[in-house]
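So this one's coords10.cif, mmCIF, C-alpha atoms:
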data_structure
#
loop_
_atom_site.label_atom_id
_atom_site.label_comp_id
_atom_site.auth_asym_id
_atom_site.auth_seq_id
_atom_site.Cartn_x
_atom_site.Cartn_y
_atom_site.Cartn_z
CA MET L 1 -15.53 -21.11 78.44
CA SER L 2 -12.86 -21.03 75.77
CA LYS L 3 -12.30 -18.06 73.49
CA GLU L 4 -13.31 -20.17 70.51
CA ASN L 5 -16.95 -19.56 71.34
CA VAL L 6 -16.68 -15.82 70.88
CA VAL L 7 -17.65 -14.04 67.66
CA TYR L 8 -16.40 -10.44 67.58
CA ILE L 9 -18.73 -8.26 65.54
CA GLY L 10 -17.03 -5.50 63.54
CA ASN L 11 -17.77 -3.53 60.41
CA LYS L 12 -18.04 -6.36 57.89
CA PRO L 13 -21.40 -7.33 56.34
CA VAL L 14 -23.84 -8.95 58.77
CA MET L 15 -23.87 -12.25 56.90
CA ASN L 16 -20.15 -12.82 57.55
CA TYR L 17 -20.85 -12.98 61.27
CA VAL L 18 -24.05 -14.99 60.82
CA LEU L 19 -22.02 -17.55 58.89
CA ALA L 20 -19.27 -17.64 61.54
CA ASP L 21 -21.90 -18.26 64.19
CA VAL L 22 -23.77 -20.92 62.22
CA ILE L 23 -20.52 -22.77 61.43
CA GLN L 24 -19.59 -22.87 65.12
CA MET L 25 -23.04 -24.05 66.15
CA ASN L 26 -23.16 -26.74 63.46
CA GLY L 27 -19.67 -27.85 64.49
CA GLY L 28 -21.02 -28.88 67.87
CA THR L 29 -20.52 -25.76 69.95
CA LYS L 30 -23.40 -25.42 72.40
CA GLU L 31 -22.85 -21.79 73.26
CA VAL L 32 -21.64 -18.79 71.29
CA ILE L 33 -21.07 -15.28 72.61
CA LEU L 34 -21.43 -12.34 70.24
CA LYS L 35 -19.34 -9.34 71.31
CA ALA L 36 -19.57 -5.87 69.85
CA ARG L 37 -18.64 -2.30 70.70
CA GLY L 38 -19.93 1.09 69.64
CA ARG L 39 -21.89 1.20 66.42
CA ALA L 40 -21.39 -2.50 65.79
CA ILE L 41 -23.84 -3.17 68.65
CA SER L 42 -26.80 -2.85 66.26
CA ARG L 43 -25.12 -5.37 63.95
CA ALA L 44 -24.66 -7.83 66.82
CA VAL L 45 -28.41 -7.73 67.51
CA ASP L 46 -29.05 -8.24 63.79
CA VAL L 47 -26.76 -11.29 63.79
CA ALA L 48 -28.52 -12.82 66.79
CA GLU L 49 -31.95 -12.25 65.25
CA ILE L 50 -31.00 -13.60 61.82
CA VAL L 51 -29.36 -16.73 63.24
CA ARG L 52 -32.37 -17.37 65.44
CA ASN L 53 -35.10 -16.70 62.90
CA ARG L 54 -33.60 -17.98 59.68
CA PHE L 55 -30.87 -20.51 60.33
CA ILE L 56 -31.00 -22.39 63.62
CA SER L 57 -34.51 -22.64 64.99
CA ASP L 58 -33.66 -24.49 68.23
CA ILE L 59 -31.26 -21.80 69.39
CA GLU L 60 -32.06 -19.81 72.51
CA LEU L 61 -31.20 -16.24 73.32
CA GLY L 62 -29.39 -16.25 76.67
CA SER L 63 -28.26 -13.34 78.76
CA ILE L 64 -27.51 -9.97 77.18
CA ASP L 65 -25.00 -7.85 79.05
CA THR L 66 -23.88 -4.31 78.41
CA CYS L 67 -20.91 -2.47 79.80
CA THR L 68 -18.70 0.52 79.21
CA GLU L 69 -15.13 0.03 78.02
CA GLU L 70 -12.34 2.58 77.92
CA VAL L 71 -10.58 2.84 74.59
CA MET L 72 -7.26 4.62 74.12
CA SER L 73 -6.95 6.66 70.96
CA ASN L 74 -3.65 7.04 69.10
CA GLU L 75 -3.20 10.44 70.73
CA GLY L 76 -3.34 8.84 74.18
CA THR L 77 -6.73 10.15 75.20
CA ALA L 78 -9.28 7.78 76.70
CA THR L 79 -12.80 7.51 75.32
CA ASN L 80 -15.68 5.55 76.75
CA VAL L 81 -17.47 3.17 74.42
CA SER L 82 -20.48 0.97 75.11
CA ALA L 83 -20.18 -2.77 74.57
CA ILE L 84 -22.61 -5.65 74.42
CA GLU L 85 -22.37 -9.41 74.89
CA ILE L 86 -25.14 -11.59 73.54
CA GLN L 87 -25.22 -15.25 74.54
CA LEU L 88 -26.73 -17.80 72.14
CA TYR L 89 -27.06 -21.43 73.17
CA LYS L 90 -28.70 -24.67 72.13
CA MET G 91 -47.06 -0.56 82.70
CA SER G 92 -48.13 2.71 81.18
CA LYS G 93 -46.62 4.12 78.01
CA GLU G 94 -45.23 7.03 79.99
CA ASN G 95 -42.34 4.88 81.10
CA VAL G 96 -41.09 4.30 77.57
CA VAL G 97 -38.30 6.35 75.99
CA TYR G 98 -38.09 5.80 72.23
CA ILE G 99 -34.52 6.21 71.01
CA GLY G 100 -34.15 7.75 67.56
CA ASN G 101 -31.52 9.73 65.71
CA LYS G 102 -31.19 12.71 68.04
CA PRO G 103 -28.04 13.25 70.15
CA VAL G 104 -27.59 10.71 72.95
CA MET G 105 -27.88 13.34 75.67
CA ASN G 106 -31.47 14.18 74.66
CA TYR G 107 -32.53 10.66 75.60
CA VAL G 108 -30.34 10.56 78.70
CA LEU G 109 -32.09 13.74 79.88
CA ALA G 110 -35.56 12.32 79.13
CA ASP G 111 -34.69 9.24 81.13
CA VAL G 112 -33.19 11.14 84.08
CA ILE G 113 -36.21 13.49 84.23
CA GLN G 114 -38.59 10.52 84.39
CA MET G 115 -36.56 8.78 87.06
CA ASN G 116 -36.20 11.92 89.17
CA GLY G 117 -39.95 12.52 88.82
CA GLY G 118 -40.60 9.34 90.76
CA THR G 119 -40.85 6.73 87.99
CA LYS G 120 -39.39 3.47 89.25
CA GLU G 121 -38.95 1.81 85.87
CA VAL G 122 -38.12 3.12 82.41
CA ILE G 123 -37.97 1.11 79.19
CA LEU G 124 -35.65 2.26 76.41
CA LYS G 125 -36.85 1.14 72.98
CA ALA G 126 -34.86 1.36 69.77
CA ARG G 127 -34.79 -0.13 66.31
CA GLY G 128 -32.10 -0.60 63.68
CA ARG G 129 -29.04 1.57 64.01
CA ALA G 130 -30.46 3.39 67.03
CA ILE G 131 -29.86 0.20 69.04
CA SER G 132 -26.26 1.24 69.72
CA ARG G 133 -27.52 4.60 70.95
CA ALA G 134 -29.96 2.91 73.33
CA VAL G 135 -27.09 0.99 74.93
CA ASP G 136 -25.13 4.25 75.18
CA VAL G 137 -28.08 5.92 76.93
CA ALA G 138 -28.41 3.07 79.44
CA GLU G 139 -24.69 3.12 80.20
CA ILE G 140 -24.47 6.90 80.56
CA VAL G 141 -27.51 7.10 82.86
CA ARG G 142 -26.14 4.29 85.00
CA ASN G 143 -22.55 5.46 85.23
CA ARG G 144 -22.86 9.22 85.32
CA PHE G 145 -26.29 10.29 86.51
CA ILE G 146 -28.24 7.87 88.68
CA SER G 147 -25.96 5.52 90.57
CA ASP G 148 -28.67 3.47 92.27
CA ILE G 149 -30.26 2.45 88.98
CA GLU G 150 -30.26 -1.20 87.95
CA LEU G 151 -30.11 -2.67 84.49
CA GLY G 152 -33.06 -5.05 84.16
CA SER G 153 -33.93 -7.38 81.32
CA ILE G 154 -32.73 -6.69 77.79
CA ASP G 155 -34.92 -8.14 75.05
CA THR G 156 -34.37 -8.22 71.34
CA CYS G 157 -36.85 -9.00 68.60
CA THR G 158 -37.42 -8.58 64.88
CA GLU G 159 -40.05 -6.16 63.64
CA GLU G 160 -41.48 -5.86 60.15
CA VAL G 161 -41.44 -2.37 58.75
CA MET G 162 -43.41 -1.32 55.67
CA SER G 163 -41.62 1.02 53.30
CA ASN G 164 -43.45 3.69 51.33
CA GLU G 165 -43.38 1.40 48.30
CA GLY G 166 -45.27 -1.25 50.24
CA THR G 167 -42.42 -3.72 50.63
CA ALA G 168 -41.76 -5.24 54.03
CA THR G 169 -38.31 -5.13 55.61
CA ASN G 170 -37.18 -6.81 58.78
CA VAL G 171 -35.50 -4.66 61.38
CA SER G 172 -34.03 -5.64 64.74
CA ALA G 173 -35.32 -3.98 67.87
CA ILE G 174 -34.17 -3.82 71.49
CA GLU G 175 -35.87 -3.06 74.78
CA ILE G 176 -33.71 -2.17 77.77
CA GLN G 177 -35.31 -2.02 81.20
CA LEU G 178 -33.90 0.35 83.81
CA TYR G 179 -35.27 0.38 87.33
CA LYS G 180 -34.57 1.71 90.81
#

What is this structure when it is put down as structure tokens?
Amino acid sequence: MSKENVVYIGNKPVMNYVLADVIQMNGGTKEVILKARGRAISRAVDVAEIVRNRFISDIELGSIDTCTEEVMSNEGTATNVSAIEIQLYK
Amino acid sequence: MSKENVVYIGNKPVMNYVLADVIQMNGGTKEVILKARGRAISRAVDVAEIVRNRFISDIELGSIDTCTEEVMSNEGTATNVSAIEIQLYK
């Protein structure tokens, strides 16, 4: 799978990511992965639900994976942060 | 499945829910479901990851489901909110 299929969810408004996802799907992509870390995880679930319920009705929710990633702060200390990957496909 | 297996994740510190989960698992429960809505979704993923990585090593992450729930505000208006259910089992 190429990296083009990945939508990274950050702190922008939910609709930005919904739009990014819908544009990819309407452009012919069969599978999009939503990736988020930390507090953006809730937003990733929102994006998946909004795309599914309001925009693309024939989309399916695929596997949802969670993991723990180690993030280095500017001071050099490592912090653990949860991450999620949500697969959407047609 | 009885309701005893469900841990509802709210706005308390993560460790409260980790403890609730660990107590259930150590008490002989084979399967626990973590449920969360809205912004608590990130916390639910944190709980699952912390239990798995730090407390109970032989636990497995089962299915993760997301859905949209309608919540009534005090003014009587309906709002959609995303929800997640994370299954943990031995």

Pull out every residue of chain G that has at least one atom within 12 Å of chain L, counting only C-alpha atoms, and report them as a PyMOL selection string. chain G and resi 126-144+150-159+170-177

Can you turn the PyMOL selection byres ((chain G and resi 179) around 6) into a concrete residue list for this file, as a short mmCIF file (atom, residue, chain, number, x, y, z; two decimals) with C-alpha atoms, in the frame of the given file?
data_model
loop_
_atom_site.label_atom_id
_atom_site.label_comp_id
_atom_site.auth_asym_id
_atom_site.auth_seq_id
_atom_site.Cartn_x
_atom_site.Cartn_y
_atom_site.Cartn_z
CA LYS G 120 -39.39 3.47 89.25
CA GLU G 121 -38.95 1.81 85.87
CA ILE G 149 -30.26 2.45 88.98
CA GLU G 150 -30.26 -1.20 87.95
CA LEU G 178 -33.90 0.35 83.81
CA LYS G 180 -34.57 1.71 90.81
#

I need the residue set behind the PyMOL selection byres ((chain G and resi 112-116) around 9) for this file; please write it as a PyMOL selection string. chain G and resi 94-95+107-111+117-122+141+145-146+179-180

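Between atom CA of L:Asn74 and atom CA of L:Lys35 the separation is 22.8 Å.
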
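For the pair atom CA of G:Val104 and atom CA of L:Ile9, the separation is 22.2 Å.
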
As an exercise, work out the distance from atom CA of G:Gly100 to atom CA of G:Ala168 in Å and give it to one decimal place.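 According to the coordinates, atom CA of G:Gly100 and atom CA of G:Ala168 are separated by 20.2 Å.
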